[in-house]
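Participant: data_2.pdb is reproduced below (PDB, C-alpha atoms).
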ATOM      1  CA  MET A  18      -3.203 -44.473  -4.500
ATOM      2  CA  ASN A  19      -2.766 -41.962  -1.738
ATOM      3  CA  SER A  20      -0.082 -39.323  -1.622
ATOM      4  CA  GLY A  21       0.845 -36.797   1.005
ATOM      5  CA  THR A  22       3.363 -34.000   1.011
ATOM      6  CA  GLU A  23       4.679 -31.951   3.886
ATOM      7  CA  ASP A  24       5.401 -28.324   2.975
ATOM      8  CA  ALA A  25       8.710 -27.111   4.388
ATOM      9  CA  GLY A  26       7.456 -23.524   4.053
ATOM     10  CA  ALA A  27       4.466 -24.261   6.306
ATOM     11  CA  PRO A  28       5.664 -26.318   9.265
ATOM     12  CA  GLY A  29       3.162 -28.946  10.314
ATOM     13  CA  ALA A  30       1.062 -28.576   7.142
ATOM     14  CA  ILE A  31       0.311 -31.656   5.060
ATOM     15  CA  LEU A  32      -1.353 -31.862   1.642
ATOM     16  CA  GLY A  33      -2.968 -35.185   0.778
ATOM     17  CA  VAL A  34      -4.408 -36.334  -2.547
ATOM     18  CA  THR A  35      -6.581 -39.447  -2.797
ATOM     19  CA  PRO A  36      -8.754 -40.847  -5.612
ATOM     20  CA  VAL A  37     -12.343 -41.226  -4.345
ATOM     21  CA  GLY A  38     -14.708 -42.979  -6.743
ATOM     22  CA  ALA A  39     -14.796 -40.840  -9.883
ATOM     23  CA  GLY A  40     -13.258 -37.878  -8.087
ATOM     24  CA  VAL A  41     -10.159 -36.711  -6.305
ATOM     25  CA  GLU A  42     -10.036 -35.671  -2.657
ATOM     26  CA  LEU A  43      -7.614 -32.945  -1.638
ATOM     27  CA  ARG A  44      -6.892 -32.691   2.074
ATOM     28  CA  VAL A  45      -4.939 -29.946   3.783
ATOM     29  CA  ALA A  46      -4.115 -30.528   7.426
ATOM     30  CA  GLY A  47      -2.300 -28.087   9.632
ATOM     31  CA  PRO A  48      -1.993 -26.935  13.209
ATOM     32  CA  SER A  49      -5.281 -25.034  12.948
ATOM     33  CA  GLY A  50      -7.307 -27.942  11.540
ATOM     34  CA  GLU A  51      -8.102 -29.891   8.390
ATOM     35  CA  PHE A  52      -9.818 -28.924   5.150
ATOM     36  CA  SER A  53     -11.085 -31.421   2.567
ATOM     37  CA  LEU A  54     -12.277 -30.814  -0.990
ATOM     38  CA  LEU A  55     -13.711 -33.311  -3.480
ATOM     39  CA  CYS A  56     -13.002 -32.500  -7.162
ATOM     40  CA  THR A  57     -13.939 -34.039 -10.490
ATOM     41  CA  PRO A  58     -10.899 -35.319 -12.422
ATOM     42  CA  ALA A  59     -11.210 -32.365 -14.837
ATOM     43  CA  ARG A  60     -11.283 -29.881 -11.954
ATOM     44  CA  ALA A  61      -8.294 -31.625 -10.310
ATOM     45  CA  ARG A  62      -6.327 -31.311 -13.594
ATOM     46  CA  GLU A  63      -7.266 -27.626 -13.792
ATOM     47  CA  LEU A  64      -6.056 -27.122 -10.219
ATOM     48  CA  ALA A  65      -2.824 -29.025 -10.953
ATOM     49  CA  GLY A  66      -2.189 -26.809 -13.990
ATOM     50  CA  ALA A  67      -2.802 -23.655 -11.961
ATOM     51  CA  LEU A  68      -0.436 -24.874  -9.239
ATOM     52  CA  ALA A  69       2.260 -25.707 -11.818
ATOM     53  CA  ARG A  70       1.948 -22.241 -13.399
ATOM     54  CA  ALA A  71       2.116 -20.576  -9.976
ATOM     55  CA  ALA A  72       5.217 -22.617  -9.086
ATOM     56  CA  ASP A  73       6.874 -21.612 -12.382
ATOM     57  CA  GLU A  74       6.110 -17.934 -11.705
ATOM     58  CA  ALA A  75       7.457 -18.204  -8.149
ATOM     59  CA  GLU A  76      10.669 -19.842  -9.378
ATOM     60  CA  SER A  77      11.051 -17.185 -12.063
ATOM     61  CA  ALA A  78      10.603 -14.431  -9.480
ATOM     62  CA  LEU A  79      13.338 -15.976  -7.320
ATOM     63  CA  SER A  80      15.732 -15.929 -10.250
ATOM     64  CA  ALA A  81      14.691 -12.496 -11.573
ATOM     65  CA  GLU A  82      18.224 -11.153 -11.102
ATOM     66  CA  PRO A  83      20.461 -12.064 -14.048
ATOM     67  CA  VAL A  84      23.429 -14.255 -13.213
ATOM     68  CA  THR A  85      26.744 -14.400 -15.094
ATOM     69  CA  VAL A  86      28.598 -17.692 -15.543
ATOM     70  CA  ARG A  87      31.586 -18.852 -17.581
ATOM     71  CA  ALA A  88      30.671 -20.509 -20.890
ATOM     72  CA  GLN A  89      32.127 -23.837 -19.726
ATOM     73  CA  GLU A  90      29.762 -23.779 -16.701
ATOM     74  CA  LEU A  91      26.542 -23.449 -18.718
ATOM     75  CA  ARG A  92      23.983 -26.229 -18.198
ATOM     76  CA  ARG A  93      21.127 -27.574 -20.276
ATOM     77  CA  GLY A  94      18.058 -25.412 -19.614
ATOM     78  CA  ASP A  95      19.927 -22.175 -18.813
ATOM     79  CA  VAL A  96      18.237 -19.201 -20.532
ATOM     80  CA  ARG A  97      20.376 -16.414 -21.981
ATOM     81  CA  ASP A  98      19.531 -12.828 -21.139
ATOM     82  CA  GLY A  99      18.608 -10.731 -24.149
ATOM     83  CA  ALA A 100      15.792  -9.692 -26.470
ATOM     84  CA  GLY A 101      14.803 -13.246 -27.460
ATOM     85  CA  ALA A 102      14.754 -16.380 -25.350
ATOM     86  CA  MET A 103      17.728 -18.632 -26.067
ATOM     87  CA  THR A 104      17.931 -21.856 -24.071
ATOM     88  CA  VAL A 105      21.021 -24.034 -23.707
ATOM     89  CA  GLU A 106      20.451 -27.436 -25.309
ATOM     90  CA  SER A 107      23.970 -28.830 -24.813
ATOM     91  CA  VAL A 108      27.502 -27.846 -23.818
ATOM     92  CA  ARG A 109      30.727 -29.439 -25.053
ATOM     93  CA  VAL A 110      34.080 -28.168 -23.799
ATOM     94  CA  ASP A 111      37.203 -28.831 -25.907
ATOM     95  CA  GLY A 112      40.188 -27.421 -24.048
ATOM     96  CA  THR A 113      39.774 -23.650 -24.037
ATOM     97  CA  THR A 114      36.659 -23.607 -26.245
ATOM     98  CA  ALA A 115      33.062 -24.223 -25.220
ATOM     99  CA  GLN A 116      30.653 -25.295 -27.968
ATOM    100  CA  ILE A 117      27.142 -24.251 -26.883
ATOM    101  CA  THR A 118      24.062 -25.467 -28.712
ATOM    102  CA  TRP A 119      21.215 -22.988 -28.292
ATOM    103  CA  LYS A 120      17.500 -23.290 -29.021
ATOM    104  CA  SER A 121      15.379 -20.229 -29.757
ATOM    105  CA  GLY A 122      11.822 -19.705 -28.544
ATOM    106  CA  ALA A 123      10.751 -20.440 -32.137
ATOM    107  CA  GLY A 124      12.464 -23.852 -32.028
ATOM    108  CA  ARG A 125      15.528 -23.043 -34.165
ATOM    109  CA  THR A 126      18.819 -24.576 -32.952
ATOM    110  CA  TRP A 127      22.416 -23.591 -33.646
ATOM    111  CA  THR A 128      25.862 -24.150 -32.156
ATOM    112  CA  GLN A 129      28.159 -21.313 -31.213
ATOM    113  CA  GLY A 130      31.764 -21.411 -29.993
ATOM    114  CA  TYR A 131      32.994 -19.349 -27.036
ATOM    115  CA  ASP A 132      36.202 -19.026 -25.089
ATOM    116  CA  ALA A 133      35.618 -21.432 -22.168
ATOM    117  CA  ASP A 134      36.113 -18.570 -19.692
ATOM    118  CA  ALA A 135      33.836 -16.104 -21.549
ATOM    119  CA  GLU A 136      31.189 -14.636 -19.266
ATOM    120  CA  ILE A 137      27.593 -15.315 -20.360
ATOM    121  CA  THR A 138      24.733 -13.437 -18.696
ATOM    122  CA  LEU A 139      21.696 -15.592 -18.018
ATOM    123  CA  ARG A 140      18.093 -14.567 -17.476
ATOM    124  CA  ARG A 141      17.338 -17.796 -15.633
ATOM    125  CA  ARG A 142      19.515 -20.573 -14.289
ATOM    126  CA  ALA A 143      18.356 -24.165 -14.831
TER     127      ALA A 143
END
How does this structure look as structure tokens?
Facilitator:
Amino acid sequence: MNSGTEDAGAPGAILGVTPVGAGVELRVAGPSGEFSLLCTPARARELAGALARAADEAESALSAEPVTVRAQELRRGDVRDGAGAMTVESVRVDGTTAQITWKSGAGRTWTQGYDADAEITLRRRA
């Protein structure tokens, strides 16, 4: 299995990942040259986790400004602005009422009714 990804933010740069024996080779090629690194599977997983966390932080920074949407426009994964994290699990609109099922950071779920046009301020948009 060999995979390669071109980064739109770095024109001409390509990241390649290839299993090599009991390891994983990471290759970065760009206009200025190529760099190759051989990792153990554990080290590759650690790197993947670090990259995923960095991507999450970057996405959160992009959406740091709260956004306000109508209740009927909420989507699964939207996070409500406020003291505690409340994430939208589901949305059901019945005429002029939006039934929103929320999930707290502690895992508790509940359903709350809103006027479909009520403005809800979100911390992060899904």
Participant: Once the PyMOL selection byres ((chain A and resi 55-66) around 7) has been applied to the shown file, what residues remain in the selection, as a ChimeraX atom specification?
Facilitator: /A:39-43,53-54,67-70
Participant: Quick one: everything within 12 Å of Ile137 in chain A, counting only C-alpha atoms, minus sequence neighbours fewer than 4 positions away in the same chain. Send it as a list in words.
Facilitator: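 The residues satisfying every condition are Pro83, Val84, Thr85, Val86, Arg87, Ala88, Gln89, Glu90, Leu91, Arg92, Asp95, Val96, Arg97, Asp98, Gly99, Met103, Val105, Ala115, Ile117, Tyr131, Asp132, Ala133, Arg141 and Arg142 of chain A.
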Participant: Could you turn the residues from that selection into a file that holds C-alpha atoms, as an mmCIF file, keeping the file's coordinate frame?
Facilitator:
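What follows is the written file out-v2.cif:
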data_model
loop_
_atom_site.group_PDB
_atom_site.id
_atom_site.type_symbol
_atom_site.label_atom_id
_atom_site.label_comp_id
_atom_site.auth_asym_id
_atom_site.auth_seq_id
_atom_site.Cartn_x
_atom_site.Cartn_y
_atom_site.Cartn_z
ATOM 1 C CA PRO A 83 20.461 -12.064 -14.048
ATOM 2 C CA VAL A 84 23.429 -14.255 -13.213
ATOM 3 C CA THR A 85 26.744 -14.400 -15.094
ATOM 4 C CA VAL A 86 28.598 -17.692 -15.543
ATOM 5 C CA ARG A 87 31.586 -18.852 -17.581
ATOM 6 C CA ALA A 88 30.671 -20.509 -20.890
ATOM 7 C CA GLN A 89 32.127 -23.837 -19.726
ATOM 8 C CA GLU A 90 29.762 -23.779 -16.701
ATOM 9 C CA LEU A 91 26.542 -23.449 -18.718
ATOM 10 C CA ARG A 92 23.983 -26.229 -18.198
ATOM 11 C CA ASP A 95 19.927 -22.175 -18.813
ATOM 12 C CA VAL A 96 18.237 -19.201 -20.532
ATOM 13 C CA ARG A 97 20.376 -16.414 -21.981
ATOM 14 C CA ASP A 98 19.531 -12.828 -21.139
ATOM 15 C CA GLY A 99 18.608 -10.731 -24.149
ATOM 16 C CA MET A 103 17.728 -18.632 -26.067
ATOM 17 C CA VAL A 105 21.021 -24.034 -23.707
ATOM 18 C CA ALA A 115 33.062 -24.223 -25.220
ATOM 19 C CA ILE A 117 27.142 -24.251 -26.883
ATOM 20 C CA TYR A 131 32.994 -19.349 -27.036
ATOM 21 C CA ASP A 132 36.202 -19.026 -25.089
ATOM 22 C CA ALA A 133 35.618 -21.432 -22.168
ATOM 23 C CA ARG A 141 17.338 -17.796 -15.633
ATOM 24 C CA ARG A 142 19.515 -20.573 -14.289
#
Participant: Just to confirm, what's the straight-line distance from CA of Val108 in chain A to CA of Ala72 in chain A in Å (one decimal)?
Facilitator: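 Rounded to one decimal, the two atoms are 27.2 Å apart.
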Participant: Separation of CA of Gly124 in chain A and CA of Arg140 in chain A, in Å?
Facilitator: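 So the two atoms, CA of Gly124 in chain A and CA of Arg140 in chain A, lie 18.2 Å apart.
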Participant: Could you state the separation of CA of Ala102 in chain A and CA of Glu74 in chain A in Å, given to one decimal place?
Facilitator: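 It comes out at 16.2 Å.
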Participant: Find the residues near Trp127 in chain A: any atom within 8 Å, counting all atoms listed in the file, skip ones fewer than 5 places away on the same chain, and give them as a ChimeraX atom specification.
Facilitator: /A:118-120
Participant: Using all atoms listed in the file, which of A:Glu51, A:Glu106, A:Glu136, A:Glu82 sits nearest Gly33 in chain A?
Facilitator: A:Glu51
Participant: From the set A:Thr138, A:Gly94, A:Thr113, A:Thr104, which residue has the shortest atom-to-atom contact distance to Thr126 in chain A, counting all atoms listed in the file?
Facilitator: A:Thr104
Participant: Compare A:Val37, A:Asp111, A:Phe52, A:Ala100 by their minimum atom-to-atom distance to Leu139 in chain A, counting only C-alpha atoms, and give me the closest one.
Facilitator: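 The closest residue to Leu139 in chain A is A:Ala100.
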Participant: Box time for range 115-121 of chain A: axis-aligned, enclosing all its listed atoms, 6 Å extra on each side; report centre and edge lengths in Å to one decimal, as AutoDock Vina command-line options.
Facilitator:
--center_x 24.2 --center_y -22.8 --center_z -27.5 --size_x 29.7 --size_y 17.2 --size_z 16.5
Participant: Which one of A:Val34, A:Val110, A:Ala135, A:Ala123 sits closest to Ala46 in chain A if you count all atoms listed in the file?
Facilitator: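 Among the listed residues, the smallest separation from Ala46 in chain A belongs to A:Val34.
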Participant: Kindly complete range 90-105 of chain A to N, CA, C and O atoms; the output should be written as a short mmCIF file (atom, residue, chain, number, x, y, z; two decimals), keeping the file's coordinate frame.
Facilitator:
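Result file part.cif:
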data_model
loop_
_atom_site.label_atom_id
_atom_site.label_comp_id
_atom_site.auth_asym_id
_atom_site.auth_seq_id
_atom_site.Cartn_x
_atom_site.Cartn_y
_atom_site.Cartn_z
N GLU A 90 30.62 -23.40 -17.83
CA GLU A 90 29.76 -23.78 -16.70
C GLU A 90 28.28 -23.77 -17.05
O GLU A 90 27.45 -24.04 -16.20
N LEU A 91 27.95 -23.44 -18.31
CA LEU A 91 26.54 -23.45 -18.72
C LEU A 91 25.98 -24.86 -18.59
O LEU A 91 26.70 -25.84 -18.73
N ARG A 92 24.67 -24.94 -18.32
CA ARG A 92 23.98 -26.23 -18.20
C ARG A 92 22.76 -26.23 -19.08
O ARG A 92 22.17 -25.18 -19.35
N ARG A 93 22.35 -27.42 -19.49
CA ARG A 93 21.13 -27.57 -20.28
C ARG A 93 19.97 -26.92 -19.53
O ARG A 93 19.80 -27.12 -18.33
N GLY A 94 19.20 -26.08 -20.22
CA GLY A 94 18.06 -25.41 -19.61
C GLY A 94 18.32 -23.98 -19.20
O GLY A 94 17.39 -23.22 -18.96
N ASP A 95 19.62 -23.57 -19.12
CA ASP A 95 19.93 -22.18 -18.81
C ASP A 95 19.36 -21.30 -19.92
O ASP A 95 19.38 -21.67 -21.10
N VAL A 96 18.84 -20.11 -19.56
CA VAL A 96 18.24 -19.20 -20.53
C VAL A 96 19.06 -17.92 -20.58
O VAL A 96 19.27 -17.26 -19.57
N ARG A 97 19.52 -17.59 -21.78
CA ARG A 97 20.38 -16.41 -21.98
C ARG A 97 19.57 -15.14 -21.89
O ARG A 97 18.45 -15.06 -22.37
N ASP A 98 20.17 -14.13 -21.25
CA ASP A 98 19.53 -12.83 -21.14
C ASP A 98 19.65 -12.11 -22.48
O ASP A 98 20.67 -12.18 -23.13
N GLY A 99 18.60 -11.46 -22.89
CA GLY A 99 18.61 -10.73 -24.15
C GLY A 99 17.20 -10.53 -24.66
O GLY A 99 16.21 -10.84 -23.99
N ALA A 100 17.10 -10.01 -25.89
CA ALA A 100 15.79 -9.69 -26.47
C ALA A 100 14.94 -10.94 -26.71
O ALA A 100 13.74 -10.94 -26.46
N GLY A 101 15.54 -12.01 -27.20
CA GLY A 101 14.80 -13.25 -27.46
C GLY A 101 15.28 -14.36 -26.55
O GLY A 101 16.43 -14.38 -26.13
N ALA A 102 14.38 -15.26 -26.22
CA ALA A 102 14.75 -16.38 -25.35
C ALA A 102 15.65 -17.36 -26.10
O ALA A 102 15.31 -17.81 -27.19
N MET A 103 16.80 -17.65 -25.53
CA MET A 103 17.73 -18.63 -26.07
C MET A 103 18.04 -19.59 -24.93
O MET A 103 18.54 -19.16 -23.89
N THR A 104 17.74 -20.86 -25.12
CA THR A 104 17.93 -21.86 -24.07
C THR A 104 19.06 -22.79 -24.44
O THR A 104 19.17 -23.22 -25.59
N VAL A 105 19.91 -23.12 -23.47
CA VAL A 105 21.02 -24.03 -23.71
C VAL A 105 20.47 -25.44 -23.90
O VAL A 105 19.74 -25.96 -23.07
#
